[in-house]
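Enquirer: The structure is given below, and queries will be raised subsequently.
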Amino acid sequence: MNITAADVNKLRQQTGAGMMDCKKALTEAEGDFEKAVEILRKAGQKVAAKRADNETSEGVVLVDVSDSGKSAKILAFACETEPVSKVADFITLANSILQAGVKHHAKDKETLAGLSLENGTPITEAITEFVGKIGEKLVISDYHNVEGEQVVAYIHSNNKAAAVVSFVNVDGTNVNEVGRDIAMQIVAMKPVGLDKDDVDPTVVEKEIEIGKEQARQEGKPEAMLEKIAMGKLGKFYKENTLLNQQFVKDPSITISDLLEKTQKGLKVASFVRVQIA
């Protein structure tokens with residue numbers, strides 16, 4: 001049958017696929033629009049399968065803080081190349097996925113992936129369809145829900161890293177400014193935990209072994225290795241746990257000091273750092 005330019009454009013408007021892909025799908029479907037849409041979806045599945053092992057080191061990080069300021073959703077949506085991360089449709093899809101998480105108050109990445117977009121399309125299908133259009137692997141690489149008496153977010157200027165901080169014992173104090181400073185520090189300094197007790201035990205063991213080996217290489221007595229390693233571990237905690245880090249804007253105080261200075265008893269309940277890498 002004769003496939004007109006109007007038919008092709010109609011399918012393109014409906015699916016967002018390229019003109020040639022739409023024409024090919026309509027021809028194969030003999031003008032049946034529903035069948036053509038299915039053909040385009042299958043094409044996306046084939047591309048997704050082929051690129052399943054590819055690395056996704058580009059993308060965008062988005063954050064949505066609720067009007068109440070008591071919860072936030074943070075999403076990292078990844079692709080293979082930087083040009084695709086700047087495509088308007090890619091960013092629109094990322095925003096649509098995040099808003100689905102907001103609407104349904106999704107708690108984790110698995111729950112989010114099982115939701116549908118506002119138009120009713122399952123998120124997994126929407127991603128697969130876009131893979132077919134763009135020709136790259138796309139993944140929800142990270143997603144978190146953060147709650148507290150007040151949550152504050154910061155997104156780095158390149159939109160590839162962000163942090164959300166949850167505060168308790170706010171006691172009516174507006175912590176937006178100090179919260180942004182702390183979130184900015186989290187993005188820049190990459191703390192591995194809130195305090196030393198939050199550091200993964202395997203990381204602690206690794207740091208102790210590294211400390212011992214460094215001391216051994218320096219010729220220190222074997223009997224002294226454990227003590228030296230523990231000293232190095234203390235330095236690790238100061239540099240890599242949020243509350244013990246020096247405040248970047250004022251190195252004379254720690255983040256713990258900053259909190260107490262802002263509001264007596266103010267605490268960081270939790271934080272999340274997300275980065276496209």
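In the structure tokens, chains take the letters A, B, ... in the order shown, each chain's residues start at 1, and ligands count up from 1 in the order shown.
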Compile the contact shell of stretch 262-267 of chain A as a VMD selection string: residues with an atom at most 6 Å away, counting only C-alpha atoms, same-chain residues fewer than 4 positions apart removed.
Expert: chain A and resid 167 to 170
Enquirer: Would you output that residue set with C-alpha atoms, as a PDB file, in the first residue's frame?
Expert:
ATOM      1  CA  PHE A 167      18.162  17.126  59.150  1.00  0.00           C
ATOM      2  CA  VAL A 168      16.545  16.466  62.548  1.00  0.00           C
ATOM      3  CA  ASN A 169      16.222  18.636  65.658  1.00  0.00           C
ATOM      4  CA  VAL A 170      15.661  21.616  63.381  1.00  0.00           C
TER       5      VAL A 170
END
Enquirer: Write out as a PyMOL selection string all residues of stretch 63-249 of chain A that DSSP puts in alpha helix (DSSP H) for this structure's backbone.
Expert: chain A and resi 82-85+88-103+109-113+123-134+176-189+201-217+225-240
Enquirer: Please provide the set of residues having any atom within 10 Å of A:Ile182, restricted to only C-alpha atoms, with same-chain residues fewer than 4 positions apart removed, written as a list in words.
Expert: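 Contacts, in chain order: Val152, Ala153, Tyr154, Ala163, Val164, Val165, Asn176, Glu177, Val178, Ile186, Val187, Ala188, Leu242, Leu243, Phe247, Val248, Lys249, Ile255, Leu258, Leu259, Val268 and Phe271 of chain A.
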Enquirer: List the spatial neighbours of stretch 224-234 of chain A as a list in words - criterion: any atom at most 10 Å away, only C-alpha atoms, same-chain residues fewer than 6 positions off excluded.
Expert: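 Counting only the stated atoms, we get Lys196, Val204, Glu205, Lys206, Glu207, Ile208, Glu209, Ile210, Gly211, Lys212, Glu213, Gln214, Ala215, Arg216 and Asn240 of chain A.
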Enquirer: Please write the residues from the selection above to a file, keeping C-alpha atoms, as a PDB file, in the first residue's frame.
Expert:
ATOM      1  CA  LYS A 196      33.035   6.560  61.896  1.00  0.00           C
ATOM      2  CA  VAL A 204      37.880  -0.136  57.817  1.00  0.00           C
ATOM      3  CA  GLU A 205      39.748  -3.454  57.560  1.00  0.00           C
ATOM      4  CA  LYS A 206      41.221  -2.430  54.223  1.00  0.00           C
ATOM      5  CA  GLU A 207      42.427   0.915  55.612  1.00  0.00           C
ATOM      6  CA  ILE A 208      44.057  -0.828  58.592  1.00  0.00           C
ATOM      7  CA  GLU A 209      45.877  -3.238  56.272  1.00  0.00           C
ATOM      8  CA  ILE A 210      46.998  -0.361  54.048  1.00  0.00           C
ATOM      9  CA  GLY A 211      48.227   1.514  57.124  1.00  0.00           C
ATOM     10  CA  LYS A 212      50.191  -1.492  58.329  1.00  0.00           C
ATOM     11  CA  GLU A 213      51.765  -2.063  54.915  1.00  0.00           C
ATOM     12  CA  GLN A 214      52.754   1.594  54.592  1.00  0.00           C
ATOM     13  CA  ALA A 215      54.378   1.495  58.030  1.00  0.00           C
ATOM     14  CA  ARG A 216      56.110  -1.777  57.147  1.00  0.00           C
ATOM     15  CA  ASN A 240      36.212  10.728  54.931  1.00  0.00           C
TER      16      ASN A 240
END
Enquirer: For A:Phe130, which of A:Ala94, A:Val199, A:Ile155, A:Val8 is the closest residue, counting only C-alpha atoms?
Expert: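 Distance minimum relative to A:Phe130 lands on A:Ala94.
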Enquirer: Using DSSP assignments from the backbone, pull out every residue in stretch 14-95 of chain A that falls under strand (DSSP E) and give it to me as a PyMOL selection string.
Expert: chain A and resi 58-65+71-79
Enquirer: When you count only C-alpha atoms, which of these residues is closest to A:Gly148: A:Gln246, A:Thr173, A:Ser166, A:Thr254?
Expert: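 For A:Gly148, the nearest of the given residues is A:Ser166.
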Enquirer: Write out as number ranges by chain the residues lying within 12 Å of A:Val274, counting only C-alpha atoms and excluding same-chain residues fewer than 5 positions away.
Expert: A: 59-63, 73-78, 140-145, 153-156, 159-165, 183, 186-188, 190-191
Enquirer: Could you turn the residues from that selection into a file that holds N, CA and C atoms, as a CSV table (one decimal), in the first residue's frame?
Expert:
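Saved file result.csv follows:
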chain,number,residue,atom,x,y,z
A,59,GLY,N,25.2,11.2,31.5
A,59,GLY,CA,23.8,11.2,31.8
A,59,GLY,C,23.5,12.5,32.6
A,60,VAL,N,22.4,12.4,33.4
A,60,VAL,CA,22.0,13.6,34.2
A,60,VAL,C,21.5,13.2,35.6
A,61,VAL,N,21.7,14.0,36.6
A,61,VAL,CA,21.2,13.8,37.9
A,61,VAL,C,20.2,14.9,38.2
A,62,LEU,N,19.0,14.4,38.7
A,62,LEU,CA,17.9,15.3,38.9
A,62,LEU,C,17.4,15.1,40.4
A,63,VAL,N,16.9,16.2,41.0
A,63,VAL,CA,16.4,16.2,42.3
A,63,VAL,C,15.1,16.9,42.4
A,73,LYS,N,13.4,13.3,46.2
A,73,LYS,CA,13.7,12.2,45.4
A,73,LYS,C,14.9,12.6,44.5
A,74,ILE,N,15.9,11.7,44.4
A,74,ILE,CA,17.1,12.0,43.6
A,74,ILE,C,17.3,10.9,42.6
A,75,LEU,N,17.5,11.2,41.4
A,75,LEU,CA,17.6,10.3,40.3
A,75,LEU,C,18.9,10.5,39.4
A,76,ALA,N,19.5,9.4,39.1
A,76,ALA,CA,20.6,9.4,38.1
A,76,ALA,C,20.2,8.6,36.9
A,77,PHE,N,20.0,9.3,35.8
A,77,PHE,CA,19.6,8.6,34.5
A,77,PHE,C,20.8,8.6,33.6
A,78,ALA,N,21.3,7.5,33.2
A,78,ALA,CA,22.6,7.4,32.5
A,78,ALA,C,22.5,6.9,31.1
A,140,ILE,N,18.4,3.6,34.6
A,140,ILE,CA,18.3,4.3,35.9
A,140,ILE,C,19.4,3.8,36.7
A,141,SER,N,20.5,4.6,36.8
A,141,SER,CA,21.7,4.1,37.5
A,141,SER,C,21.6,4.2,39.0
A,142,ASP,N,20.8,5.2,39.5
A,142,ASP,CA,20.6,5.4,40.9
A,142,ASP,C,19.4,6.2,41.2
A,143,TYR,N,18.8,5.9,42.3
A,143,TYR,CA,17.6,6.6,42.8
A,143,TYR,C,17.4,6.4,44.3
A,144,HIS,N,17.1,7.5,44.9
A,144,HIS,CA,16.8,7.4,46.4
A,144,HIS,C,15.7,8.3,46.8
A,145,ASN,N,15.0,7.9,47.9
A,145,ASN,CA,14.1,8.8,48.6
A,145,ASN,C,14.7,9.2,49.9
A,153,ALA,N,18.9,20.1,49.2
A,153,ALA,CA,19.6,19.4,48.1
A,153,ALA,C,20.6,20.4,47.4
A,154,TYR,N,21.6,19.9,46.7
A,154,TYR,CA,22.5,20.7,45.9
A,154,TYR,C,22.8,19.8,44.7
A,155,ILE,N,22.7,20.4,43.5
A,155,ILE,CA,23.1,19.8,42.3
A,155,ILE,C,24.3,20.6,41.7
A,156,HIS,N,25.4,19.8,41.4
A,156,HIS,CA,26.6,20.5,40.8
A,156,HIS,C,26.2,21.1,39.4
A,159,ASN,N,25.4,19.0,36.3
A,159,ASN,CA,24.2,18.1,36.5
A,159,ASN,C,24.6,16.6,36.5
A,160,LYS,N,25.8,16.3,36.9
A,160,LYS,CA,26.2,14.9,36.9
A,160,LYS,C,26.5,14.5,38.4
A,161,ALA,N,26.3,15.3,39.3
A,161,ALA,CA,26.5,15.0,40.7
A,161,ALA,C,25.6,15.8,41.6
A,162,ALA,N,25.0,15.2,42.6
A,162,ALA,CA,24.1,15.9,43.5
A,162,ALA,C,24.1,15.2,44.9
A,163,ALA,N,23.6,16.0,45.9
A,163,ALA,CA,23.5,15.4,47.2
A,163,ALA,C,22.3,15.9,47.9
A,164,VAL,N,21.7,15.1,48.7
A,164,VAL,CA,20.5,15.5,49.5
A,164,VAL,C,20.8,15.2,51.0
A,165,VAL,N,20.6,16.2,51.8
A,165,VAL,CA,20.9,16.0,53.3
A,165,VAL,C,19.6,16.1,54.1
A,183,ALA,N,25.5,20.0,51.7
A,183,ALA,CA,25.3,19.2,50.5
A,183,ALA,C,26.4,19.4,49.5
A,186,ILE,N,29.4,17.6,50.5
A,186,ILE,CA,29.3,16.1,50.2
A,186,ILE,C,29.6,15.8,48.8
A,187,VAL,N,29.1,16.6,47.9
A,187,VAL,CA,29.4,16.4,46.4
A,187,VAL,C,30.9,16.5,46.2
A,188,ALA,N,31.5,17.5,46.8
A,188,ALA,CA,32.9,17.8,46.5
A,188,ALA,C,33.9,16.8,47.2
A,190,LYS,N,33.0,13.8,49.0
A,190,LYS,CA,32.7,12.4,48.8
A,190,LYS,C,32.9,11.6,50.1
A,191,PRO,N,32.2,12.0,51.2
A,191,PRO,CA,32.4,11.3,52.5
A,191,PRO,C,31.8,9.9,52.3
Enquirer: Can you pull out the residues contacting A:Pro122? Cut-off 12 Å, using only C-alpha atoms, and skip same-chain residues under 4 positions away; I want them as a PyMOL selection string.
Expert: chain A and resi 96-97+100+112-118+126-129
